[in-house]
file data03.cif (mmCIF, C-alpha atoms)
data_coords
#
loop_
_atom_site.label_atom_id
_atom_site.label_comp_id
_atom_site.auth_asym_id
_atom_site.auth_seq_id
_atom_site.Cartn_x
_atom_site.Cartn_y
_atom_site.Cartn_z
CA MET A 25 36.09 7.86 35.76
CA SER A 26 35.08 10.34 38.46
CA GLU A 27 33.93 13.81 37.59
CA VAL A 28 37.04 15.33 39.14
CA ALA A 29 39.36 13.08 37.15
CA GLU A 30 37.53 14.05 33.99
CA ARG A 31 38.03 17.75 34.67
CA ARG A 32 41.72 17.20 35.17
CA GLY A 33 42.04 15.34 31.86
CA ARG A 34 43.21 16.81 28.56
CA GLY A 35 39.58 17.58 27.76
CA ARG A 36 39.16 20.36 30.32
CA PRO A 37 36.05 22.32 29.34
CA ARG A 38 36.32 26.06 28.80
CA LYS A 39 33.29 26.71 30.87
CA GLN A 40 33.21 25.05 34.24
CA ARG A 41 30.57 22.38 34.22
CA ASP A 42 30.44 18.81 35.33
CA GLY A 43 31.32 15.99 32.95
CA ALA A 44 27.78 14.75 32.48
CA SER A 45 26.47 18.13 31.44
CA ALA A 46 29.41 18.78 29.09
CA LYS A 47 28.87 15.39 27.47
CA SER A 48 25.19 16.04 27.08
CA ALA A 49 25.89 19.48 25.58
CA ILE A 50 28.21 17.83 23.06
CA LEU A 51 25.57 15.25 22.15
CA LYS A 52 22.93 17.95 21.71
CA ALA A 53 25.27 20.02 19.55
CA ALA A 54 26.15 16.92 17.51
CA THR A 55 22.49 16.11 16.91
CA GLU A 56 21.94 19.62 15.56
CA GLU A 57 25.12 19.70 13.50
CA PHE A 58 24.50 16.33 11.86
CA ALA A 59 20.86 17.16 11.11
CA GLU A 60 21.79 20.51 9.57
CA ARG A 61 24.95 19.61 7.67
CA GLY A 62 24.70 15.85 7.17
CA TYR A 63 27.32 13.34 8.27
CA ASP A 64 30.01 14.18 5.73
CA ALA A 65 30.11 17.94 6.21
CA ALA A 66 29.73 17.93 10.00
CA SER A 67 32.99 18.39 11.90
CA LEU A 68 33.98 17.65 15.47
CA ARG A 69 35.44 21.16 15.68
CA ALA A 70 32.13 22.77 14.73
CA ILE A 71 30.30 20.54 17.19
CA ALA A 72 32.67 21.59 19.99
CA ARG A 73 32.12 25.25 19.10
CA ARG A 74 28.36 24.79 19.08
CA ALA A 75 28.52 23.07 22.48
CA GLY A 76 30.80 25.78 23.89
CA VAL A 77 33.55 23.30 24.81
CA ASP A 78 37.11 22.70 23.71
CA SER A 79 37.60 20.26 20.82
CA ALA A 80 39.82 18.19 23.10
CA LEU A 81 36.83 17.45 25.30
CA VAL A 82 34.92 16.03 22.34
CA HIS A 83 37.88 13.72 21.69
CA HIS A 84 37.99 12.84 25.36
CA TYR A 85 34.45 11.50 25.28
CA PHE A 86 34.22 10.17 21.72
CA ASP A 87 36.69 8.15 19.66
CA ASP A 88 35.78 9.64 16.30
CA LYS A 89 32.97 11.09 14.23
CA ALA A 90 31.26 7.71 13.83
CA ASP A 91 31.29 7.24 17.60
CA LEU A 92 29.77 10.65 18.24
CA PHE A 93 27.22 10.17 15.47
CA THR A 94 25.97 6.82 16.75
CA ALA A 95 25.94 8.16 20.34
CA SER A 96 23.88 11.18 19.27
CA LEU A 97 21.35 8.79 17.72
CA ASP A 98 21.41 6.52 20.75
CA ALA A 99 22.06 3.79 18.19
CA PRO A 100 21.70 0.24 19.52
CA LEU A 101 24.67 -0.97 17.46
CA ARG A 102 27.75 0.27 15.64
CA PRO A 103 27.51 -0.91 12.05
CA ASP A 104 31.02 0.36 11.35
CA ARG A 105 32.46 -1.68 14.23
CA ILE A 106 30.48 -4.79 13.34
CA LEU A 107 31.92 -4.52 9.86
CA GLY A 108 35.43 -4.06 11.25
CA VAL A 109 35.12 -7.31 13.23
CA ILE A 110 33.74 -9.18 10.24
CA LEU A 111 36.35 -7.94 7.79
CA ALA A 112 39.02 -9.30 10.11
CA GLY A 113 37.52 -12.82 9.74
CA PRO A 114 37.40 -15.28 6.82
CA ARG A 115 35.92 -14.05 3.56
CA ASP A 116 33.66 -17.09 3.26
CA GLU A 117 31.94 -16.21 6.50
CA VAL A 118 31.28 -12.53 5.87
CA GLY A 119 27.60 -12.99 4.97
CA ALA A 120 26.60 -15.32 7.77
CA SER A 121 28.59 -13.29 10.33
CA ILE A 122 26.99 -9.99 9.38
CA VAL A 123 23.52 -11.47 9.64
CA ARG A 124 24.22 -13.23 12.92
CA LEU A 125 25.78 -10.18 14.58
CA LEU A 126 23.11 -7.81 13.35
CA VAL A 127 20.32 -10.03 14.64
CA ARG A 128 22.00 -10.77 17.98
CA GLN A 129 22.84 -7.16 18.71
CA LEU A 130 19.22 -6.19 18.16
CA ASP A 131 17.79 -8.96 20.28
CA ASP A 132 16.25 -6.94 23.10
CA ALA A 133 13.15 -4.76 23.10
CA ARG A 134 14.99 -1.50 23.74
CA SER A 135 17.42 -2.02 20.85
CA GLN A 136 14.54 -2.90 18.59
CA ALA A 137 12.60 0.22 19.52
CA ARG A 138 15.68 2.33 18.74
CA ILE A 139 16.44 0.63 15.43
CA VAL A 140 12.82 1.05 14.33
CA ALA A 141 13.00 4.78 15.09
CA ILE A 142 16.30 5.08 13.23
CA LEU A 143 15.05 3.11 10.22
CA ARG A 144 11.97 5.33 10.04
CA THR A 145 14.20 8.40 10.14
CA ALA A 146 16.43 6.96 7.42
CA LEU A 147 13.45 6.25 5.19
CA GLY A 148 11.60 9.47 5.95
CA SER A 149 11.70 12.73 4.07
CA GLY A 150 13.41 14.82 6.78
CA PRO A 151 17.09 15.78 7.19
CA GLY A 152 17.75 12.61 9.22
CA SER A 153 17.53 10.61 6.03
CA ARG A 154 20.48 12.39 4.44
CA MET A 155 22.76 12.13 7.46
CA LEU A 156 22.04 8.40 7.88
CA LYS A 157 22.59 7.71 4.21
CA GLU A 158 25.91 9.58 4.33
CA PHE A 159 26.97 7.75 7.48
CA LEU A 160 26.14 4.33 6.03
CA THR A 161 27.77 5.15 2.71
CA ARG A 162 31.02 6.32 4.26
CA GLU A 163 31.35 3.91 7.15
CA VAL A 164 29.73 0.78 5.73
CA PHE A 165 29.04 0.66 1.99
CA VAL A 166 32.42 1.97 0.90
CA ARG A 167 34.10 -0.76 2.93
CA LEU A 168 31.76 -3.45 1.65
CA ALA A 169 32.51 -2.30 -1.88
CA ALA A 170 36.26 -2.45 -1.22
CA LEU A 171 35.77 -6.02 -0.02
CA ALA A 172 33.75 -7.01 -3.09
CA GLY A 173 36.18 -5.38 -5.51
CA GLY A 174 35.77 -5.20 -9.29
CA ASP A 175 34.01 -2.75 -11.57
CA ASP A 176 30.62 -3.48 -10.07
CA ALA A 177 31.75 -3.22 -6.44
CA ASP A 178 29.40 -0.35 -5.59
CA LEU A 179 26.38 -2.15 -7.01
CA ARG A 180 27.35 -5.29 -5.09
CA ALA A 181 27.60 -3.32 -1.86
CA ASN A 182 24.20 -1.67 -2.54
CA LEU A 183 22.57 -5.04 -3.11
CA ALA A 184 24.10 -6.61 0.00
CA ALA A 185 22.76 -3.59 1.90
CA SER A 186 19.35 -4.02 0.27
CA GLN A 187 19.03 -7.54 1.71
CA LEU A 188 20.14 -6.40 5.17
CA VAL A 189 17.81 -3.39 5.18
CA GLY A 190 14.98 -5.64 3.97
CA LEU A 191 15.67 -8.11 6.77
CA MET A 192 15.57 -5.40 9.42
CA LEU A 193 12.36 -3.93 8.04
CA THR A 194 10.47 -7.21 7.74
CA ARG A 195 11.68 -8.37 11.16
CA PHE A 196 11.49 -5.22 13.26
CA VAL A 197 9.15 -2.79 11.52
CA LEU A 198 6.62 -4.91 9.61
CA LYS A 199 7.09 -7.74 12.12
CA LEU A 200 6.18 -10.39 9.57
CA GLU A 201 5.88 -13.84 11.07
CA PRO A 202 7.83 -16.07 11.22
CA VAL A 203 10.82 -13.89 10.29
CA ALA A 204 10.17 -11.60 13.27
CA HIS A 205 10.96 -14.47 15.63
CA ALA A 206 13.37 -16.61 13.62
CA ASP A 207 16.63 -17.23 15.46
CA ALA A 208 19.95 -15.70 14.54
CA ASP A 209 21.56 -18.94 13.32
CA GLU A 210 18.60 -19.82 11.14
CA LEU A 211 18.69 -16.37 9.55
CA ALA A 212 22.47 -16.54 9.12
CA ARG A 213 22.07 -19.89 7.32
CA ARG A 214 19.43 -18.53 4.98
CA ILE A 215 20.59 -14.96 4.39
CA GLY A 216 24.35 -15.36 4.77
CA PRO A 217 24.64 -17.00 1.32
CA VAL A 218 22.66 -14.14 -0.20
CA ILE A 219 25.15 -11.59 1.12
CA GLN A 220 28.00 -13.77 -0.21
CA TRP A 221 26.26 -13.93 -3.58
CA HIS A 222 25.75 -10.20 -3.79
CA LEU A 223 29.34 -9.44 -2.78
CA PHE A 224 31.23 -12.21 -4.53
CA GLY A 225 28.90 -14.32 -6.73
CA ASP A 226 29.53 -14.98 -10.42
CA VAL A 227 26.65 -12.88 -11.66
CA GLN A 228 27.90 -12.72 -15.22
CA GLY A 229 28.03 -16.47 -15.66
CA GLY A 230 24.46 -16.81 -16.84
CA THR A 231 23.93 -19.59 -14.31
CA VAL A 232 24.14 -19.26 -10.60
CA ARG A 233 27.11 -21.32 -9.54
CA PRO A 234 28.29 -20.30 -6.14
CA GLY A 235 31.87 -21.47 -6.46
CA SER A 236 34.57 -20.24 -4.16
CA ALA A 237 32.52 -17.13 -3.63
CA GLY A 238 28.95 -18.21 -3.21
CA THR A 239 29.64 -21.64 -1.78
CA GLN A 240 30.45 -21.58 1.85
CA GLN A 241 30.70 -24.09 4.62
CA LEU A 242 28.17 -23.07 7.16
CA PRO A 243 29.06 -23.10 10.81
CA MET B 18 -19.05 4.01 -20.75
CA SER B 19 -21.30 7.05 -20.72
CA GLU B 20 -22.90 8.35 -17.58
CA VAL B 21 -26.34 7.32 -18.80
CA ALA B 22 -25.20 3.80 -19.60
CA GLU B 23 -23.69 3.57 -16.15
CA ARG B 24 -26.91 4.59 -14.48
CA ARG B 25 -28.78 1.96 -16.43
CA GLY B 26 -26.30 -0.80 -15.50
CA ARG B 27 -26.70 -3.25 -12.65
CA GLY B 28 -24.83 -0.86 -10.41
CA ARG B 29 -27.57 1.76 -10.31
CA PRO B 30 -26.79 4.06 -7.38
CA ARG B 31 -29.40 4.54 -4.69
CA LYS B 32 -28.86 8.24 -4.71
CA GLN B 33 -28.82 9.89 -8.08
CA ARG B 34 -25.36 11.06 -8.89
CA ASP B 35 -23.09 10.86 -11.84
CA GLY B 36 -20.67 7.99 -12.28
CA ALA B 37 -17.52 9.93 -11.49
CA SER B 38 -18.84 11.21 -8.21
CA ALA B 39 -20.18 7.79 -7.18
CA LYS B 40 -16.81 6.24 -7.94
CA SER B 41 -15.01 8.89 -5.99
CA ALA B 42 -17.42 8.43 -3.05
CA ILE B 43 -16.64 4.70 -3.11
CA LEU B 44 -12.90 5.36 -3.14
CA LYS B 45 -13.20 7.79 -0.24
CA ALA B 46 -15.29 5.32 1.74
CA ALA B 47 -12.81 2.55 0.96
CA THR B 48 -9.89 4.66 2.17
CA GLU B 49 -11.66 5.22 5.48
CA GLU B 50 -12.85 1.64 5.87
CA PHE B 51 -9.41 0.13 5.15
CA ALA B 52 -7.66 2.58 7.47
CA GLU B 53 -10.11 1.90 10.31
CA ARG B 54 -10.61 -1.84 9.98
CA GLY B 55 -7.55 -3.06 8.10
CA TYR B 56 -7.61 -5.01 4.85
CA ASP B 57 -8.87 -8.30 6.21
CA ALA B 58 -11.86 -7.01 8.16
CA ALA B 59 -12.97 -4.40 5.63
CA SER B 60 -15.88 -5.50 3.42
CA LEU B 61 -17.16 -4.26 0.11
CA ARG B 62 -20.67 -4.22 1.61
CA ALA B 63 -19.59 -1.90 4.43
CA ILE B 64 -17.76 0.32 1.96
CA ALA B 65 -20.91 0.60 -0.19
CA ARG B 66 -22.94 1.50 2.89
CA ARG B 67 -20.41 4.11 3.93
CA ALA B 68 -20.45 5.59 0.40
CA GLY B 69 -24.26 5.55 0.29
CA VAL B 70 -24.37 3.38 -2.84
CA ASP B 71 -25.60 -0.09 -3.68
CA SER B 72 -23.05 -2.92 -3.33
CA ALA B 73 -23.65 -3.75 -6.98
CA LEU B 74 -22.16 -0.39 -7.94
CA VAL B 75 -18.96 -1.21 -6.07
CA HIS B 76 -18.74 -4.45 -8.07
CA HIS B 77 -19.47 -2.51 -11.23
CA TYR B 78 -16.41 -0.33 -10.76
CA PHE B 79 -14.02 -2.72 -9.01
CA ASP B 80 -13.24 -6.39 -9.67
CA ASP B 81 -12.62 -7.35 -6.07
CA LYS B 82 -11.32 -6.13 -2.73
CA ALA B 83 -7.70 -6.09 -3.94
CA ASP B 84 -8.72 -3.93 -6.89
CA LEU B 85 -10.57 -1.44 -4.70
CA PHE B 86 -7.76 -1.41 -2.15
CA THR B 87 -5.03 -0.65 -4.69
CA ALA B 88 -7.26 1.95 -6.37
CA SER B 89 -7.90 3.68 -3.03
CA LEU B 90 -4.13 3.90 -2.53
CA ASP B 91 -3.57 5.08 -6.09
CA ALA B 92 -1.03 2.25 -6.20
CA PRO B 93 1.32 2.32 -9.19
CA LEU B 94 1.21 -1.47 -9.52
CA ARG B 95 -0.85 -4.50 -8.56
CA PRO B 96 1.43 -6.89 -6.68
CA ASP B 97 -1.31 -9.53 -6.63
CA ARG B 98 -1.64 -9.41 -10.42
CA ILE B 99 2.10 -9.37 -11.01
CA LEU B 100 2.30 -12.49 -8.90
CA GLY B 101 -0.55 -14.09 -10.83
CA VAL B 102 1.30 -13.56 -14.12
CA ILE B 103 4.53 -14.92 -12.70
CA LEU B 104 3.00 -17.98 -11.11
CA ALA B 105 1.62 -18.91 -14.53
CA GLY B 106 5.19 -19.04 -15.91
CA PRO B 107 8.10 -21.44 -15.33
CA ARG B 108 9.21 -22.00 -11.75
CA ASP B 109 12.86 -21.38 -12.61
CA GLU B 110 12.07 -17.88 -13.75
CA VAL B 111 9.98 -16.73 -10.83
CA GLY B 112 12.75 -14.72 -9.16
CA ALA B 113 14.05 -12.92 -12.24
CA SER B 114 10.51 -12.24 -13.48
CA ILE B 115 9.34 -10.71 -10.20
CA VAL B 116 12.34 -8.40 -10.08
CA ARG B 117 12.07 -7.40 -13.73
CA LEU B 118 8.34 -6.66 -13.56
CA LEU B 119 8.60 -4.78 -10.29
CA VAL B 120 11.39 -2.57 -11.58
CA ARG B 121 9.77 -1.96 -14.99
CA GLN B 122 6.38 -1.09 -13.58
CA LEU B 123 7.96 1.49 -11.31
CA ASP B 124 10.07 3.06 -14.01
CA ASP B 125 8.48 6.50 -14.23
CA ALA B 126 8.67 9.40 -11.78
CA ARG B 127 4.98 9.37 -10.88
CA SER B 128 4.98 5.67 -10.02
CA GLN B 129 8.10 6.13 -7.95
CA ALA B 130 6.60 9.02 -6.00
CA ARG B 131 3.53 6.88 -5.23
CA ILE B 132 5.52 3.79 -4.22
CA VAL B 133 7.69 5.90 -1.92
CA ALA B 134 4.58 7.30 -0.22
CA ILE B 135 3.10 3.81 0.13
CA LEU B 136 6.33 2.33 1.48
CA ARG B 137 6.54 5.10 4.05
CA THR B 138 2.97 4.41 5.08
CA ALA B 139 3.68 0.67 5.33
CA LEU B 140 6.73 1.29 7.51
CA GLY B 141 5.16 4.02 9.60
CA SER B 142 3.38 3.72 12.92
CA GLY B 143 -0.10 4.72 11.70
CA PRO B 144 -3.08 2.56 10.69
CA GLY B 145 -1.86 2.42 7.11
CA SER B 146 0.86 0.04 8.17
CA ARG B 147 -1.60 -2.61 9.36
CA MET B 148 -3.78 -2.48 6.26
CA LEU B 149 -0.78 -2.77 3.93
CA LYS B 150 0.72 -5.62 5.90
CA GLU B 151 -2.62 -7.45 5.80
CA PHE B 152 -3.01 -6.82 2.08
CA LEU B 153 0.48 -8.08 1.28
CA THR B 154 0.12 -11.09 3.54
CA ARG B 155 -3.18 -12.19 2.06
CA GLU B 156 -2.61 -11.34 -1.61
CA VAL B 157 1.13 -11.91 -1.96
CA PHE B 158 2.94 -13.74 0.85
CA VAL B 159 0.39 -16.53 1.24
CA ARG B 160 0.71 -17.28 -2.47
CA LEU B 161 4.50 -17.11 -2.41
CA ALA B 162 4.47 -19.52 0.52
CA ALA B 163 2.18 -21.91 -1.35
CA LEU B 164 4.66 -21.80 -4.21
CA ALA B 165 7.64 -22.51 -1.96
CA GLY B 166 5.89 -25.34 -0.11
CA GLY B 167 7.33 -27.30 2.81
CA ASP B 168 7.36 -26.71 6.56
CA ASP B 169 9.31 -23.51 6.23
CA ALA B 170 7.19 -22.02 3.44
CA ASP B 171 6.13 -18.96 5.43
CA LEU B 172 9.71 -18.12 6.39
CA ARG B 173 10.79 -18.54 2.75
CA ALA B 174 8.05 -16.17 1.61
CA ASN B 175 9.05 -13.63 4.28
CA LEU B 176 12.68 -13.72 3.18
CA ALA B 177 11.85 -13.39 -0.51
CA ALA B 178 9.74 -10.38 0.49
CA SER B 179 12.61 -8.99 2.56
CA GLN B 180 14.86 -8.88 -0.50
CA LEU B 181 12.16 -7.23 -2.63
CA VAL B 182 11.30 -4.66 0.04
CA GLY B 183 15.00 -3.96 0.51
CA LEU B 184 15.44 -3.45 -3.22
CA MET B 185 12.57 -0.97 -3.38
CA LEU B 186 13.84 0.96 -0.38
CA THR B 187 17.44 1.22 -1.52
CA ARG B 188 16.39 2.12 -5.07
CA PHE B 189 13.45 4.45 -4.55
CA VAL B 190 13.63 5.79 -1.00
CA LEU B 191 17.32 5.86 -0.07
CA LYS B 192 18.26 6.27 -3.75
CA LEU B 193 21.63 4.61 -3.25
CA GLU B 194 23.81 4.78 -6.31
CA PRO B 195 24.28 2.80 -8.50
CA VAL B 196 21.26 0.65 -7.55
CA ALA B 197 18.89 3.61 -8.01
CA HIS B 198 19.71 3.67 -11.72
CA ALA B 199 20.60 0.05 -12.48
CA ASP B 200 18.53 -1.40 -15.29
CA ALA B 201 15.80 -3.97 -14.88
CA ASP B 202 17.68 -6.81 -16.58
CA GLU B 203 20.81 -6.23 -14.54
CA LEU B 204 18.78 -6.30 -11.33
CA ALA B 205 16.87 -9.39 -12.47
CA ARG B 206 20.19 -11.16 -13.13
CA ARG B 207 21.55 -10.27 -9.70
CA ILE B 208 18.46 -10.48 -7.50
CA GLY B 209 16.44 -13.13 -9.34
CA PRO B 210 18.70 -15.92 -8.03
CA VAL B 211 18.29 -14.59 -4.50
CA ILE B 212 14.50 -14.89 -4.74
CA GLN B 213 14.94 -18.43 -6.15
CA TRP B 214 17.24 -19.27 -3.26
CA HIS B 215 14.86 -17.96 -0.63
CA LEU B 216 11.88 -19.75 -2.14
CA PHE B 217 13.43 -23.02 -3.27
CA GLY B 218 17.11 -23.26 -2.19
CA ASP B 219 18.51 -26.18 -0.21
CA VAL B 220 19.08 -24.22 2.98
CA GLN B 221 19.49 -27.29 5.16
CA GLY B 222 22.33 -28.74 3.15
CA GLY B 223 25.08 -26.96 5.07
CA THR B 224 26.58 -25.78 1.81
CA VAL B 225 24.96 -23.56 -0.72
CA ARG B 226 24.46 -25.72 -3.77
CA PRO B 227 21.81 -24.28 -5.98
CA GLY B 228 20.67 -27.45 -7.67
CA SER B 229 17.37 -27.70 -9.45
CA ALA B 230 16.11 -25.02 -7.12
CA GLY B 231 18.81 -22.41 -6.84
CA THR B 232 20.40 -22.98 -10.23
CA GLN B 233 18.58 -21.34 -13.03
CA GLN B 234 19.27 -20.51 -16.62
CA LEU B 235 19.06 -16.81 -16.89
CA PRO B 236 17.22 -15.26 -19.78
#
call {"tool": "encode", "arguments": {"input": "data03.cif", "output": "C-alpha cells"}}
result
Amino acid sequence: MSEVAERRGRGRPRKQRDGASAKSAILKAATEEFAERGYDAASLRAIARRAGVDSALVHHYFDDKADLFTASLDAPLRPDRILGVILAGPRDEVGASIVRLLVRQLDDARSQARIVAILRTALGSGPGSRMLKEFLTREVFVRLAALAGGDDADLRANLAASQLVGLMLTRFVLKLEPVAHADADELARRIGPVIQWHLFGDVQGGTVRPGSAGTQQLP
Amino acid sequence: MSEVAERRGRGRPRKQRDGASAKSAILKAATEEFAERGYDAASLRAIARRAGVDSALVHHYFDDKADLFTASLDAPLRPDRILGVILAGPRDEVGASIVRLLVRQLDDARSQARIVAILRTALGSGPGSRMLKEFLTREVFVRLAALAGGDDADLRANLAASQLVGLMLTRFVLKLEPVAHADADELARRIGPVIQWHLFGDVQGGTVRPGSAGTQQLP
C-alpha cells in the first residue's frame, strides 16, 4: 500500500507523518507499554496515546494485541498462529505438528538469533520476562490447556510447554550436538509423542500405555 | 578437621595460611580458571598454581574436577552424582528417579535461587555458558548416551536433557503454575516416562509403543 493510500485510510494519524514513521512510533510505544505494564494490562488505546496517533491507526497496522506484541519484539514466529493452525488439524497430530512447525519456522540464522534473544529475555530477571510469560500464558498455554481438558489441564499444558522450551534451549541456545542440527521430521518423530503424552496420556494408569491419546500414526 | 591437622596433612600449603583461606583461594582460582579455559581445558594443577598452593592441597579439599567445579559454582546439587546413583538402579526407573531426585534436591528457596542463577549463566552469552555446557556434556550427557546406546545415543541424551532443562526452567525460572508447585512424585509420574522414551523408546517404529523400553511400572 502506498503512503498516500495509507493516509487516506481509516487510520489517518492525528499528526501528519508518513506511514513508516507512524508505524515505527506505534512499535516504540508498544515496546515501552508492554515492558512497563506487561502483556495483560497493556492496551492498544494506551499504546496509541503514547505514540500520539489515533487508535484506528494502530488497528490499521496491526490485527490485534498479539500481532502488535510479536511485531514489537521482532519475533521470528507467531506461536499463537502456529497453535491456531495446529488446533484446526487432527488431535493425534498435534504434538508432531507443533514440533515440526516450530523447528521449520526457526530454520534460518536470523530467526535463530531473534529467538535466542527472546528466550534470554523470557528467562532473565527484567520486565521482559513478565510480559513474555503473560503473552505465552494467554495466547498459548490457555489454549493448550483447553485442548487437553480435565482437572489437570493446566499442568498438562505446562509440561508440554516445558518440553518445547527445553527443545528450543538445547537446540538454539546451548547448541548441543546433535540436537542443534537434527532435522524437523526427526525431531517431530521423537518429540511429537512426548507432547501427545503430556497433553493426552493416561498418566494415572500406573503404566505408560499410549492408547488413543499417546499412540499416534506418524506421518 | 582442625587447622593444625590440616597443615600437617599431605596437602600442606606452600604459603602458610589457615585452611579456610587456602580453600577459599582455591575456589577463587577455580572460578577464574573455569571461566577462562572452560571445564575441559581447566586443570587442577593450573588451579593450584593460580591459588599459590600445592596440588596436593587441592586434592585434599576436593575429590575431583567435578567436585571443585560444582563447589566453585556453589551448585545446589551434583548432577554427576545424581546420575551415578540412578545408573546403579534399575533401568526401568531411570526416568522417574532422575526427575524425583532433581526436584527434591531443589526443594528449598536457597537451592532454587542458586539453580536459577546457574541456569541463567548457562543460557547467557558469557564464558559461563561454555564451561557449564562442557561440564554437563562430559559428566552427564556422555553417561546418559552410554546408557541409551545405539547409533542415536547422543541425540537421545540431548532430548532427555531437553526435557529436564525445560522442567527446571518452567518450574524455577518462569514459575509457571501449577508446575512450579507440583510435587516430586507427580512430576516423576508424568515426566519419568518421557525420559524413558527419549533414552530407550522405539522411535523408529512409526507408532509409539512403549514396550520393554517405554513401558514402565511406576513406583
call {"tool": "atom_distance", "arguments": {"input": "data03.cif", "atom1": "CA of Arg127 in chain B", "atom2": "CA of Ser114 in chain B"}}
result
22.5 Å
call {"tool": "resolve_selection", "arguments": {"input": "data03.cif", "expression": "the PyMOL selection byres ((chain B and resi 60) around 12)", "output": "ChimeraX atom specification"}}
result
/B:46-51,53-59,61-67,72,75-76,81-83,85-86
call {"tool": "closest_residue", "arguments": {"input": "data03.cif", "among": "A:Thr94, A:Lys199, A:Gln187, A:Glu210", "to": "chain B", "atoms": "all atoms listed in the file"}}
result
A:Gln187
call {"tool": "closest_residue", "arguments": {"input": "data03.cif", "among": "B:Ala197, B:Leu74, B:Ile132, B:Leu184", "to": "chain A", "atoms": "only C-alpha atoms"}}
result
B:Leu184
call {"tool": "closest_residue", "arguments": {"input": "data03.cif", "among": "A:Thr161, A:Ser96, A:Ser135, A:Ser45", "to": "chain B", "atoms": "all atoms listed in the file"}}
result
A:Thr161
call {"tool": "atom_distance", "arguments": {"input": "data03.cif", "atom1": "CA of Ile115 in chain B", "atom2": "CA of Val159 in chain B"}}
result
15.6 Å
call {"tool": "residues_near_point", "arguments": {"input": "data03.cif", "point": "(9.5, -19.2, -2.2)", "cutoff": "10 Å", "atoms": "all atoms listed in the file", "output": "CSV table (one decimal) with C-alpha atoms, keeping the file's coordinate frame"}}
result
chain,number,residue,atom,x,y,z
B,108,ARG,CA,9.2,-22.0,-11.8
B,111,VAL,CA,10.0,-16.7,-10.8
B,112,GLY,CA,12.8,-14.7,-9.2
B,158,PHE,CA,2.9,-13.7,0.8
B,160,ARG,CA,0.7,-17.3,-2.5
B,161,LEU,CA,4.5,-17.1,-2.4
B,162,ALA,CA,4.5,-19.5,0.5
B,163,ALA,CA,2.2,-21.9,-1.4
B,164,LEU,CA,4.7,-21.8,-4.2
B,165,ALA,CA,7.6,-22.5,-2.0
B,166,GLY,CA,5.9,-25.3,-0.1
B,167,GLY,CA,7.3,-27.3,2.8
B,169,ASP,CA,9.3,-23.5,6.2
B,170,ALA,CA,7.2,-22.0,3.4
B,171,ASP,CA,6.1,-19.0,5.4
B,172,LEU,CA,9.7,-18.1,6.4
B,173,ARG,CA,10.8,-18.5,2.8
B,174,ALA,CA,8.0,-16.2,1.6
B,175,ASN,CA,9.0,-13.6,4.3
B,176,LEU,CA,12.7,-13.7,3.2
B,177,ALA,CA,11.8,-13.4,-0.5
B,178,ALA,CA,9.7,-10.4,0.5
B,212,ILE,CA,14.5,-14.9,-4.7
B,213,GLN,CA,14.9,-18.4,-6.2
B,214,TRP,CA,17.2,-19.3,-3.3
B,215,HIS,CA,14.9,-18.0,-0.6
B,216,LEU,CA,11.9,-19.8,-2.1
B,217,PHE,CA,13.4,-23.0,-3.3
B,218,GLY,CA,17.1,-23.3,-2.2
call {"tool": "closest_residue", "arguments": {"input": "data03.cif", "among": "A:Ala206, A:Gly190, A:Arg102, A:Phe196", "to": "chain B", "atoms": "only C-alpha atoms"}}
result
A:Gly190
call {"tool": "atom_distance", "arguments": {"input": "data03.cif", "atom1": "CA of Val116 in chain B", "atom2": "CA of Arg207 in chain B"}}
result
9.4 Å
call {"tool": "residues_near_point", "arguments": {"input": "data03.cif", "point": "(13.7, 13.2, 5.7)", "cutoff": "12 Å", "atoms": "only C-alpha atoms", "output": "VMD selection string"}}
result
(chain A and resid 59 to 60 62 142 to 157) or (chain B and resid 137 190 to 191)
call {"tool": "closest_residue", "arguments": {"input": "data03.cif", "among": "A:Leu200, A:Ala80, A:Ile110, A:Ala208", "to": "chain B", "atoms": "only C-alpha atoms"}}
result
A:Leu200
call {"tool": "closest_residue", "arguments": {"input": "data03.cif", "among": "A:Gly43, A:Pro100, A:Gly216, A:Pro202", "to": "chain B", "atoms": "all atoms listed in the file"}}
result
A:Pro202
call {"tool": "resolve_selection", "arguments": {"input": "data03.cif", "expression": "the PyMOL selection byres ((chain A and resi 129) around 10)", "output": "number ranges by chain"}}
result
A: 100-102, 106, 124-128, 130-132, 135-136, 208
